[in-house]
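Raw entry_21.cif, mmCIF, C-alpha atoms and all ligand atoms:
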data_upload
#
loop_
_atom_site.label_atom_id
_atom_site.label_comp_id
_atom_site.auth_asym_id
_atom_site.auth_seq_id
_atom_site.Cartn_x
_atom_site.Cartn_y
_atom_site.Cartn_z
CA MET A 29 -2.88 -22.21 -27.55
CA SER A 30 -5.40 -19.36 -27.82
CA ARG A 31 -4.38 -16.03 -26.33
CA ILE A 32 -7.89 -15.16 -25.23
CA VAL A 33 -8.18 -14.14 -21.63
CA ALA A 34 -11.62 -13.81 -20.03
CA VAL A 35 -12.03 -11.15 -17.34
CA THR A 36 -14.75 -10.42 -14.80
CA GLY A 37 -14.89 -7.13 -12.91
CA ALA A 38 -13.24 -5.24 -15.79
CA THR A 39 -15.50 -2.24 -15.16
CA GLY A 40 -14.08 -1.88 -11.63
CA PHE A 41 -10.92 -0.35 -10.21
CA ILE A 42 -8.52 -3.32 -10.35
CA GLY A 43 -10.16 -5.05 -13.32
CA GLY A 44 -10.05 -1.78 -15.29
CA ALA A 45 -6.30 -1.44 -14.74
CA LEU A 46 -5.86 -5.11 -15.66
CA LEU A 47 -7.87 -4.67 -18.86
CA LYS A 48 -5.60 -1.86 -20.07
CA ALA A 49 -2.47 -3.90 -19.28
CA LEU A 50 -3.78 -7.02 -21.03
CA LEU A 51 -4.60 -5.07 -24.19
CA ALA A 52 -1.20 -3.35 -24.07
CA GLN A 53 0.42 -6.80 -23.89
CA GLY A 54 -1.42 -8.01 -26.98
CA TRP A 55 -3.99 -10.30 -25.37
CA GLU A 56 -7.39 -10.84 -26.93
CA VAL A 57 -9.71 -9.92 -24.06
CA ARG A 58 -13.26 -11.05 -23.41
CA ALA A 59 -14.73 -9.01 -20.57
CA LEU A 60 -17.97 -9.46 -18.66
CA THR A 61 -20.10 -6.36 -18.24
CA ARG A 62 -23.39 -5.66 -16.54
CA GLY A 63 -23.72 -2.54 -18.69
CA ALA A 64 -21.50 0.07 -17.01
CA ARG A 65 -18.25 0.34 -18.98
CA THR A 66 -16.88 3.31 -17.08
CA SER A 67 -13.18 2.42 -16.83
CA ALA A 68 -12.85 0.70 -20.19
CA PRO A 69 -10.33 1.93 -22.69
CA ALA A 70 -11.66 3.40 -25.91
CA LYS A 71 -12.71 0.96 -28.65
CA ASN A 72 -10.09 -1.70 -29.23
CA PRO A 73 -10.50 -4.48 -31.80
CA ARG A 74 -9.04 -7.01 -29.34
CA LEU A 75 -11.60 -6.19 -26.63
CA HIS A 76 -14.90 -8.09 -26.75
CA TRP A 77 -17.58 -7.34 -24.17
CA VAL A 78 -19.90 -10.12 -23.04
CA THR A 79 -23.07 -8.78 -21.51
CA GLY A 80 -24.01 -10.75 -18.45
CA ASP A 81 -23.71 -11.23 -14.74
CA LEU A 82 -22.22 -13.68 -12.26
CA ASP A 83 -25.81 -14.93 -11.79
CA ASP A 84 -26.13 -15.86 -15.44
CA GLN A 85 -24.39 -19.20 -16.12
CA ASP A 86 -24.91 -18.90 -19.90
CA SER A 87 -23.05 -15.60 -20.08
CA LEU A 88 -20.23 -17.06 -17.98
CA GLU A 89 -19.87 -20.03 -20.31
CA ARG A 90 -19.76 -17.67 -23.33
CA LEU A 91 -17.18 -15.62 -21.46
CA VAL A 92 -14.74 -18.45 -20.73
CA HIS A 93 -15.26 -20.51 -23.90
CA ASP A 94 -11.89 -21.32 -25.56
CA ALA A 95 -10.04 -18.97 -23.23
CA HIS A 96 -6.42 -19.55 -22.27
CA ALA A 97 -7.17 -18.20 -18.78
CA VAL A 98 -9.89 -16.51 -16.75
CA VAL A 99 -9.18 -13.65 -14.37
CA HIS A 100 -11.96 -13.25 -11.82
CA CYS A 101 -11.80 -9.70 -10.47
CA ALA A 102 -15.53 -9.17 -9.88
CA GLY A 103 -16.42 -8.93 -6.25
CA ALA A 104 -18.75 -7.22 -3.81
CA VAL A 105 -16.81 -4.80 -1.60
CA ARG A 106 -19.88 -2.94 -0.31
CA GLY A 107 -23.05 -4.40 1.15
CA ILE A 108 -25.23 -4.94 4.18
CA THR A 109 -25.93 -8.60 4.82
CA GLN A 110 -23.78 -11.72 4.83
CA ALA A 111 -26.07 -13.14 2.14
CA GLN A 112 -25.40 -10.17 -0.17
CA PHE A 113 -21.63 -10.60 0.12
CA ASP A 114 -21.79 -14.40 -0.17
CA HIS A 115 -23.95 -14.15 -3.27
CA VAL A 116 -21.14 -12.45 -5.20
CA ASN A 117 -17.96 -13.47 -3.39
CA GLU A 118 -18.76 -17.14 -2.78
CA THR A 119 -21.50 -18.17 -5.22
CA GLY A 120 -19.96 -15.98 -7.93
CA VAL A 121 -16.66 -17.88 -7.61
CA ARG A 122 -18.56 -21.19 -7.75
CA ARG A 123 -20.39 -20.12 -10.92
CA ILE A 124 -17.17 -19.07 -12.65
CA ALA A 125 -15.55 -22.35 -11.58
CA ASN A 126 -18.54 -24.29 -12.95
CA ALA A 127 -18.31 -22.45 -16.27
CA ILE A 128 -14.62 -23.36 -16.46
CA LEU A 129 -15.29 -26.99 -15.56
CA ALA A 130 -17.87 -27.17 -18.36
CA GLN A 131 -15.09 -26.54 -20.95
CA ALA A 132 -13.41 -29.43 -22.76
CA HIS A 133 -10.03 -27.93 -21.80
CA PRO A 134 -10.63 -25.99 -18.58
CA PRO A 135 -8.64 -22.73 -18.66
CA ARG A 136 -6.56 -21.57 -15.70
CA LEU A 137 -8.44 -19.46 -13.16
CA VAL A 138 -6.72 -16.48 -11.50
CA ALA A 139 -8.99 -15.06 -8.80
CA LEU A 140 -8.77 -12.03 -6.55
CA SER A 141 -9.40 -12.84 -2.93
CA SER A 142 -8.34 -10.41 -0.20
CA LEU A 143 -6.07 -10.31 2.81
CA ALA A 144 -9.34 -9.80 4.71
CA ALA A 145 -10.02 -13.53 4.14
CA ARG A 146 -7.40 -14.17 6.84
CA LYS A 147 -9.86 -12.91 9.51
CA PRO A 148 -13.32 -14.10 8.42
CA SER A 149 -14.80 -13.33 11.85
CA LEU A 150 -14.32 -9.58 11.39
CA SER A 151 -16.94 -8.76 8.79
CA PRO A 152 -19.41 -10.23 6.29
CA TYR A 153 -17.00 -9.14 3.52
CA ALA A 154 -14.05 -10.97 5.09
CA ALA A 155 -16.15 -14.10 5.70
CA SER A 156 -17.41 -14.09 2.10
CA LYS A 157 -13.88 -13.80 0.70
CA ARG A 158 -12.78 -16.78 2.83
CA LYS A 159 -15.78 -18.77 1.54
CA GLY A 160 -14.74 -17.88 -2.01
CA GLU A 161 -11.27 -19.29 -1.31
CA LYS A 162 -12.85 -22.46 0.06
CA VAL A 163 -14.65 -22.95 -3.27
CA LEU A 164 -11.26 -22.80 -5.00
CA LEU A 165 -9.61 -25.18 -2.53
CA GLU A 166 -12.43 -27.66 -3.17
CA LEU A 167 -11.59 -27.64 -6.88
CA GLY A 168 -8.48 -29.61 -6.05
CA ASP A 169 -6.61 -30.38 -9.25
CA LYS A 170 -9.70 -30.30 -11.51
CA VAL A 171 -8.68 -26.76 -12.50
CA ASP A 172 -5.32 -25.03 -12.41
CA TRP A 173 -6.06 -22.02 -10.18
CA LEU A 174 -4.34 -19.18 -8.37
CA ALA A 175 -5.84 -16.85 -5.79
CA PHE A 176 -4.19 -13.61 -4.72
CA ARG A 177 -4.76 -11.99 -1.36
CA PRO A 178 -3.91 -8.32 -1.83
CA PRO A 179 -3.96 -5.97 1.15
CA ALA A 180 -5.47 -2.48 0.55
CA VAL A 181 -4.90 -1.63 -3.13
CA TYR A 182 -4.43 2.01 -4.15
CA GLY A 183 -3.71 3.85 -7.37
CA PRO A 184 -5.47 5.81 -10.13
CA GLY A 185 -9.16 4.87 -10.24
CA ASP A 186 -9.47 3.82 -6.59
CA ARG A 187 -12.30 5.48 -4.72
CA GLU A 188 -11.94 3.95 -1.24
CA LEU A 189 -8.55 5.24 -0.03
CA LEU A 190 -8.51 8.31 -2.28
CA PRO A 191 -10.46 10.69 0.03
CA LEU A 192 -8.06 9.94 2.92
CA PHE A 193 -5.05 10.51 0.68
CA GLN A 194 -6.51 13.72 -0.78
CA TRP A 195 -7.02 15.15 2.70
CA MET A 196 -3.47 14.19 3.67
CA ALA A 197 -2.16 15.92 0.55
CA ARG A 198 -4.02 19.05 1.73
CA GLY A 199 -2.39 18.75 5.16
CA LEU A 200 -4.98 16.93 7.26
CA ALA A 201 -4.66 13.23 8.11
CA ILE A 202 -8.03 11.84 9.21
CA LEU A 203 -6.98 8.50 10.70
CA PRO A 204 -9.61 5.74 10.81
CA GLY A 205 -7.46 3.14 12.59
CA PRO A 206 -5.49 2.96 15.84
CA GLY A 207 -1.93 4.30 16.00
CA GLU A 208 -0.52 0.84 16.75
CA ALA A 209 -2.21 -0.79 13.72
CA ARG A 210 0.07 -1.99 10.93
CA PHE A 211 -0.98 -2.71 7.36
CA SER A 212 0.48 -3.61 4.02
CA LEU A 213 -0.37 -1.77 0.81
CA ILE A 214 0.07 -2.49 -2.89
CA TYR A 215 -0.02 -0.19 -5.90
CA VAL A 216 -2.57 -1.34 -8.47
CA ASP A 217 -0.04 -1.73 -11.32
CA ASP A 218 2.09 -4.07 -9.20
CA LEU A 219 -0.94 -6.22 -8.47
CA VAL A 220 -1.76 -6.23 -12.19
CA GLN A 221 1.79 -7.39 -12.97
CA ALA A 222 1.39 -10.28 -10.51
CA ILE A 223 -1.84 -11.28 -12.29
CA LEU A 224 -0.14 -11.08 -15.70
CA GLN A 225 2.61 -13.36 -14.46
CA GLY A 226 -0.07 -15.67 -13.11
CA LEU A 227 -1.26 -16.13 -16.70
CA GLU A 228 2.14 -17.23 -17.92
CA ILE A 229 3.68 -19.50 -15.27
CA ALA A 230 3.78 -23.24 -15.75
CA PRO A 231 0.81 -25.22 -14.35
CA GLY A 232 0.98 -26.87 -10.96
CA HIS A 233 1.13 -23.94 -8.56
CA SER A 234 -2.52 -23.83 -7.50
CA GLY A 235 -2.75 -22.00 -4.18
CA ILE A 236 -3.41 -18.79 -2.30
CA TYR A 237 -0.72 -16.10 -2.37
CA GLU A 238 -0.36 -12.92 -0.32
CA LEU A 239 1.10 -9.92 -2.17
CA ASP A 240 2.34 -6.54 -0.98
CA ASP A 241 4.58 -3.68 -2.09
CA GLY A 242 7.67 -5.26 -0.57
CA ARG A 243 7.73 -3.20 2.62
CA SER A 244 8.53 -5.73 5.31
CA GLY A 245 6.39 -5.20 8.41
CA GLY A 246 3.98 -2.91 6.54
CA TYR A 247 3.11 0.65 7.56
CA SER A 248 1.63 2.45 10.52
CA TRP A 249 -0.57 5.52 9.94
CA ASP A 250 2.35 7.59 11.24
CA ASP A 251 4.53 6.19 8.43
CA VAL A 252 1.94 7.23 5.83
CA VAL A 253 1.57 10.69 7.38
CA ALA A 254 5.38 11.11 7.37
CA ILE A 255 5.46 10.28 3.63
CA PHE A 256 2.79 12.91 2.92
CA SER A 257 4.71 15.47 5.01
CA ARG A 258 7.78 14.84 2.86
CA LEU A 259 5.78 15.00 -0.38
CA ARG A 260 4.20 18.32 0.68
CA GLY A 261 7.34 19.74 2.23
CA LYS A 262 5.07 20.77 5.10
CA ARG A 263 3.66 19.19 8.23
CA VAL A 264 0.46 17.13 8.04
CA VAL A 265 -1.86 17.56 11.02
CA LYS A 266 -3.18 14.27 12.44
CA CYS A 267 -6.77 13.84 13.54
CA ALA A 268 -7.59 10.33 14.80
CA ILE A 269 -11.28 9.39 14.61
CA PRO A 270 -12.21 8.01 18.07
CA ALA A 271 -13.32 4.37 18.00
CA TRP A 272 -16.75 5.22 19.48
CA LEU A 273 -17.37 7.82 16.76
CA LEU A 274 -16.32 5.50 13.95
CA ARG A 275 -18.57 2.75 15.34
CA GLY A 276 -21.45 5.23 15.61
CA LEU A 277 -20.91 6.35 12.01
CA GLY A 278 -20.84 2.70 10.89
CA GLU A 279 -24.14 1.96 12.67
CA ALA A 280 -25.79 5.14 11.36
CA ASN A 281 -24.61 4.48 7.81
CA LEU A 282 -25.91 0.91 7.97
CA LEU A 283 -29.32 2.16 9.11
CA MET A 284 -29.47 4.75 6.33
CA ALA A 285 -28.37 2.19 3.74
CA ARG A 286 -31.15 -0.18 4.89
CA MET A 287 -33.70 2.61 4.57
CA GLY A 288 -32.27 3.98 1.32
CA GLY A 289 -31.64 0.58 -0.24
CA TYR A 290 -28.02 1.26 -1.23
CA ALA A 291 -24.81 -0.72 -0.63
CA PRO A 292 -22.73 1.10 2.01
CA MET A 293 -18.95 1.01 2.42
CA LEU A 294 -18.69 2.12 6.07
CA THR A 295 -20.54 -0.47 8.16
CA PRO A 296 -19.86 -1.97 11.60
CA GLY A 297 -17.99 -4.80 9.82
CA LYS A 298 -15.82 -2.33 7.89
CA VAL A 299 -15.12 -0.49 11.17
CA ARG A 300 -13.89 -3.74 12.73
CA GLU A 301 -11.61 -4.23 9.71
CA LEU A 302 -10.32 -0.66 10.02
CA ARG A 303 -9.64 -1.08 13.76
CA TYR A 304 -7.88 -4.44 13.36
CA LEU A 305 -4.20 -4.23 14.30
CA ASP A 306 -2.46 -6.60 11.89
CA TRP A 307 -3.13 -6.31 8.17
CA VAL A 308 0.48 -7.04 7.29
CA CYS A 309 1.18 -9.65 4.60
CA HIS A 310 3.35 -12.32 6.16
CA HIS A 311 4.02 -14.83 3.38
CA THR A 312 4.79 -12.75 0.33
CA GLY A 313 7.93 -14.61 -0.72
CA SER A 314 6.27 -17.63 -2.28
CA TRP A 315 4.72 -15.84 -5.27
CA ARG A 316 8.04 -14.08 -5.92
CA ASP A 317 9.91 -17.39 -5.80
CA ILE A 318 7.47 -19.09 -8.18
CA SER A 319 6.95 -16.33 -10.74
CA GLY A 320 9.88 -13.95 -10.42
CA TRP A 321 7.37 -11.13 -9.76
CA SER A 322 8.57 -8.25 -7.68
CA PRO A 323 6.73 -5.05 -6.83
CA GLN A 324 8.20 -1.94 -8.47
CA VAL A 325 6.29 0.98 -7.00
CA SER A 326 7.18 2.42 -3.59
CA LEU A 327 4.47 4.12 -1.55
CA PRO A 328 5.80 7.69 -2.14
CA GLU A 329 5.94 7.08 -5.90
CA GLY A 330 2.53 5.38 -5.97
CA LEU A 331 0.94 8.20 -4.00
CA LYS A 332 2.41 10.80 -6.36
CA ASN A 333 1.07 8.89 -9.38
CA THR A 334 -2.34 8.54 -7.75
CA LEU A 335 -2.69 12.20 -6.90
CA HIS A 336 -1.32 13.37 -10.27
CA SER A 337 -3.83 11.17 -12.10
CA LEU A 338 -6.77 13.23 -10.78
N1 LIG B 401 -9.66 -2.49 -3.85
C1 LIG B 401 -9.01 -3.11 -2.88
O1 LIG B 401 -8.34 -2.47 -2.03
C2 LIG B 401 -9.04 -4.62 -2.77
C3 LIG B 401 -8.23 -5.24 -1.82
C4 LIG B 401 -8.23 -6.64 -1.73
C5 LIG B 401 -9.06 -7.38 -2.56
N2 LIG B 401 -9.86 -6.75 -3.47
C6 LIG B 401 -10.72 -7.58 -4.33
O2 LIG B 401 -10.46 -7.25 -5.68
C7 LIG B 401 -11.65 -7.39 -6.46
C8 LIG B 401 -11.91 -6.11 -7.25
O3 LIG B 401 -12.02 -5.03 -6.34
P1 LIG B 401 -12.20 -3.53 -6.87
O4 LIG B 401 -11.63 -2.65 -5.82
O5 LIG B 401 -11.76 -3.41 -8.27
O6 LIG B 401 -13.78 -3.42 -6.79
P2 LIG B 401 -14.80 -2.49 -7.63
O7 LIG B 401 -14.09 -1.30 -8.19
O8 LIG B 401 -15.98 -2.29 -6.74
O9 LIG B 401 -15.20 -3.43 -8.86
C9 LIG B 401 -16.00 -4.55 -8.65
C10 LIG B 401 -16.26 -5.19 -10.00
O10 LIG B 401 -17.04 -6.37 -9.78
C11 LIG B 401 -18.17 -6.31 -10.66
N3 LIG B 401 -19.30 -7.04 -10.07
C12 LIG B 401 -19.80 -6.93 -8.83
N4 LIG B 401 -20.86 -7.75 -8.69
C13 LIG B 401 -21.02 -8.41 -9.88
C14 LIG B 401 -21.93 -9.37 -10.36
N5 LIG B 401 -22.93 -9.84 -9.60
N6 LIG B 401 -21.81 -9.80 -11.64
C15 LIG B 401 -20.83 -9.31 -12.44
N7 LIG B 401 -19.94 -8.39 -12.03
C16 LIG B 401 -20.04 -7.93 -10.77
C17 LIG B 401 -18.47 -4.82 -10.81
O11 LIG B 401 -19.28 -4.62 -11.95
P3 LIG B 401 -20.18 -3.26 -12.12
O12 LIG B 401 -19.23 -2.23 -12.70
O13 LIG B 401 -21.24 -3.67 -13.05
O14 LIG B 401 -20.68 -2.90 -10.75
C18 LIG B 401 -17.05 -4.29 -10.96
O15 LIG B 401 -16.59 -4.48 -12.28
C19 LIG B 401 -12.76 -7.76 -5.48
O16 LIG B 401 -12.93 -9.17 -5.50
C20 LIG B 401 -12.21 -7.34 -4.12
O17 LIG B 401 -12.72 -8.16 -3.09
C21 LIG B 401 -9.88 -5.38 -3.59
#
Hey, can you dump this file as structure tokens for me?
Ligand SMILES: NC(=O)c1ccc[n+]([C@@H]2O[C@H](COP(=O)([O-])OP(=O)(O)OC[C@H]3O[C@@H](n4cnc5c(N)ncnc54)[C@H](OP(=O)(O)O)[C@@H]3O)[C@@H](O)[C@H]2O)c1
Amino acid sequence: MSRIVAVTGATGFIGGALLKALLAQGWEVRALTRGARTSAPAKNPRLHWVTGDLDDQDSLERLVHDAHAVVHCAGAVRGITQAQFDHVNETGVRRIANAILAQAHPPRLVALSSLAARKPSLSPYAASKRKGEKVLLELGDKVDWLAFRPPAVYGPGDRELLPLFQWMARGLAILPGPGEARFSLIYVDDLVQAILQGLEIAPGHSGIYELDDGRSGGYSWDDVVAIFSRLRGKRVVKCAIPAWLLRGLGEANLLMARMGGYAPMLTPGKVRELRYLDWVCHHTGSWRDISGWSPQVSLPEGLKNTLHSL
């Protein structure tokens, strides 16, 4: 069996970390790129870039040809309209699946969904991730597939949570969610390990799996602030952003993004996600039972690594 693994999204945060781990493990990697190779390791003879896009079926078929497995990390995490998110997070999954189905021996597909898919009504992003999962469920047993639902992922290379963490490290916790909200987290290397194990397990486990860092019941913002206080050896001052202000910022940012033609992160949909009270992974045992995977990095350790990597 060939040891080629095809990867989408390898220029992004999670895909970039995966790429490094795959090469370190000796895989031959074929990675899709739209041109920006920012997080790629330096030249490696086992890394082969395929120029293309999720819109370009030919490039996807070249990407997955003869591969042992395909890891689909590409996704739209910023955007304005439902159609923009669906185009990447639903149609993109369908195009990758079609490229796999066109192979004589369809390789396994490991896809990144999101815990957000659990509440599709909250935002266009969440709805698009649920639609992407539906595409996989419709594959039935035509392809051996796995989908992971990570909660918020943090670690070196992340740009979304980093500003909050940097402020906390300086002593100011700017809290975007309510005090009673609880959420799971996962360090990027632990997620990457789960994906690597997804490449190796025996066939027959197609399904959707939630993953977290092993902290039962997740965290509150107070828990995170307490960890930063311990890391600093000094108190961290809390400043909760009022819901009305966050909503106003989301609306204003959306308006500016429409006028400026860029893909915003903070939108009314993102604000609803941030204000949601239960982003705790509830069914994390099944992937551990199947694969033997277990997360290794605690939040204090992961935060130290993240901040030291800057
Ligand atoms: N980060 C998190 O906390 C988190 C949590 C749960 C789930 N996820 C999921 O994990 C996946 C990766 O997230 P991330 O944080 O690594 O995102 P990211 O840093 O924004 O990377 C996104 C990747 O997708 C690629 N991409 C986007 N649209 C594409 C298209 N039309 N054709 C080809 N490639 C395209 C980007 O390529 P370019 O470099 O060319 O833009 C980039 O490589 C996403 O599916 C996301 O929904 C992330």
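Residues lying within 8 Å of range 245-257 of chain A, counting only C-alpha atoms and ignoring same-chain neighbours fewer than 5 positions away, are Met196, Ala197, Gly199, Ala201, Leu203, Gly205, Gly207, Glu208, Ala209, Arg210, Phe211, Ser212, Leu213, Lys262, Arg263, Val264, Lys266, Val308, Cys309 and Pro328 of chain A.
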Please, what distance in Å, to one decimal, runs between CA of Leu283 in chain A and CA of Ser142 in chain A? 26.2 Å
Correct to one decimal, the distance CA of Ser234 in chain A-CA of Ala97 in chain A is 13.4 Å
Between A:Gly183, A:Gly276, A:Gly44, A:Gly235, single out the one closest to Tyr215 in chain A, counting all atoms listed in the file. A:Gly183
Counting only C-alpha atoms and all ligand atoms, which residue out of A:Glu188, A:Glu56, A:Asp218, A:Asp172 sits closest to ligand LIG 401 (chain B)?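 For ligand LIG 401 (chain B), the nearest of the given residues is A:Glu188.
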Could you please give me, as a short mmCIF file (atom, residue, chain, number, x, y, z; two decimals) with C-alpha atoms, in the coordinates of the input, the residues of protein, DNA or RNA lying at most 12 Å from (-20.1, -10.4, -6.3) in the coordinate frame of the file, considering only C-alpha atoms?
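Done, and the output landed in selection.cif:
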data_model
loop_
_atom_site.label_atom_id
_atom_site.label_comp_id
_atom_site.auth_asym_id
_atom_site.auth_seq_id
_atom_site.Cartn_x
_atom_site.Cartn_y
_atom_site.Cartn_z
CA THR A 36 -14.75 -10.42 -14.80
CA GLY A 37 -14.89 -7.13 -12.91
CA GLY A 40 -14.08 -1.88 -11.63
CA ARG A 62 -23.39 -5.66 -16.54
CA ASP A 81 -23.71 -11.23 -14.74
CA LEU A 82 -22.22 -13.68 -12.26
CA ASP A 83 -25.81 -14.93 -11.79
CA HIS A 100 -11.96 -13.25 -11.82
CA CYS A 101 -11.80 -9.70 -10.47
CA ALA A 102 -15.53 -9.17 -9.88
CA GLY A 103 -16.42 -8.93 -6.25
CA ALA A 104 -18.75 -7.22 -3.81
CA VAL A 105 -16.81 -4.80 -1.60
CA ARG A 106 -19.88 -2.94 -0.31
CA GLY A 107 -23.05 -4.40 1.15
CA GLN A 110 -23.78 -11.72 4.83
CA ALA A 111 -26.07 -13.14 2.14
CA GLN A 112 -25.40 -10.17 -0.17
CA PHE A 113 -21.63 -10.60 0.12
CA ASP A 114 -21.79 -14.40 -0.17
CA HIS A 115 -23.95 -14.15 -3.27
CA VAL A 116 -21.14 -12.45 -5.20
CA ASN A 117 -17.96 -13.47 -3.39
CA GLU A 118 -18.76 -17.14 -2.78
CA THR A 119 -21.50 -18.17 -5.22
CA GLY A 120 -19.96 -15.98 -7.93
CA VAL A 121 -16.66 -17.88 -7.61
CA ARG A 122 -18.56 -21.19 -7.75
CA ARG A 123 -20.39 -20.12 -10.92
CA ILE A 124 -17.17 -19.07 -12.65
CA LEU A 140 -8.77 -12.03 -6.55
CA SER A 141 -9.40 -12.84 -2.93
CA TYR A 153 -17.00 -9.14 3.52
CA SER A 156 -17.41 -14.09 2.10
CA LYS A 157 -13.88 -13.80 0.70
CA GLY A 160 -14.74 -17.88 -2.01
#
Within 12 Å of Gly43 in chain A, counting all atoms listed in the file, which residues show up once you throw out same-chain ones fewer than 2 positions away? Write them as a PyMOL selection string, please. chain A and resi 34-41+45-50+57+59-61+65-69+98-103+139-140+181+185-186+216-217+219-220+223-224
Centre and size of axis-aligned box enclosing ligand LIG 401 (chain B) plus 8 Å each side, as JSON:
{"center_x": -15.6, "center_y": -5.6, "center_z": -7.4, "size_x": 30.7, "size_y": 24.5, "size_z": 27.3}
Pick out the closest residue to ligand LIG 401 (chain B) from this set: A:His233, A:Arg300, A:Arg177, A:Lys332. Count all atoms listed in the file.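 For ligand LIG 401 (chain B), the nearest of the given residues is A:Arg177.
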Closest contacts (range 154-263 of chain A/range 126-134 of chain A, max 10 Å, all atoms listed in the file) as a Markdown table:
| residue | atom | partner | partner_atom | distance |
| --- | --- | --- | --- | --- |
| A:Leu167 | CA | A:Leu129 | CA | 9.5 |
| A:Lys170 | CA | A:Leu129 | CA | 7.7 |
| A:Val171 | CA | A:Pro134 | CA | 6.4 |
| A:Asp172 | CA | A:Pro134 | CA | 8.2 |
Might you pull out every residue within 7 Å of Thr295 in chain A, with only C-alpha atoms counted and same-chain residues fewer than 3 positions away left off, and present them as a count of residues only? 7
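Atom pair CA of Ser314 in chain A / CA of Ala230 in chain A: separated by 14.8 Å.
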From A:Arg74, A:Arg316, A:Arg31, A:Arg187, residue lying nearest ligand LIG 401 (chain B) [all atoms listed in the file]: A:Arg187
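Among the candidate residues A:Pro152, A:Gly261, A:Pro270, A:Pro231, the one lying nearest to ligand LIG 401 (chain B) is A:Pro152, with distances computed using all atoms listed in the file.
If you measure from each of A:Leu338, A:Leu331, A:Arg90, A:Glu238 to Phe193 in chain A using all atoms listed in the file, the closest one turns out to be A:Leu331.
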Which residues come within 8 Å of Leu239 in chain A, counting all atoms listed in the file, excluding same-chain residues fewer than 6 positions away, as a list in words? Phe176, Arg177, Pro178, Pro179, Ile214, Leu219, Cys309, His311, Thr312 and Trp315 of chain A
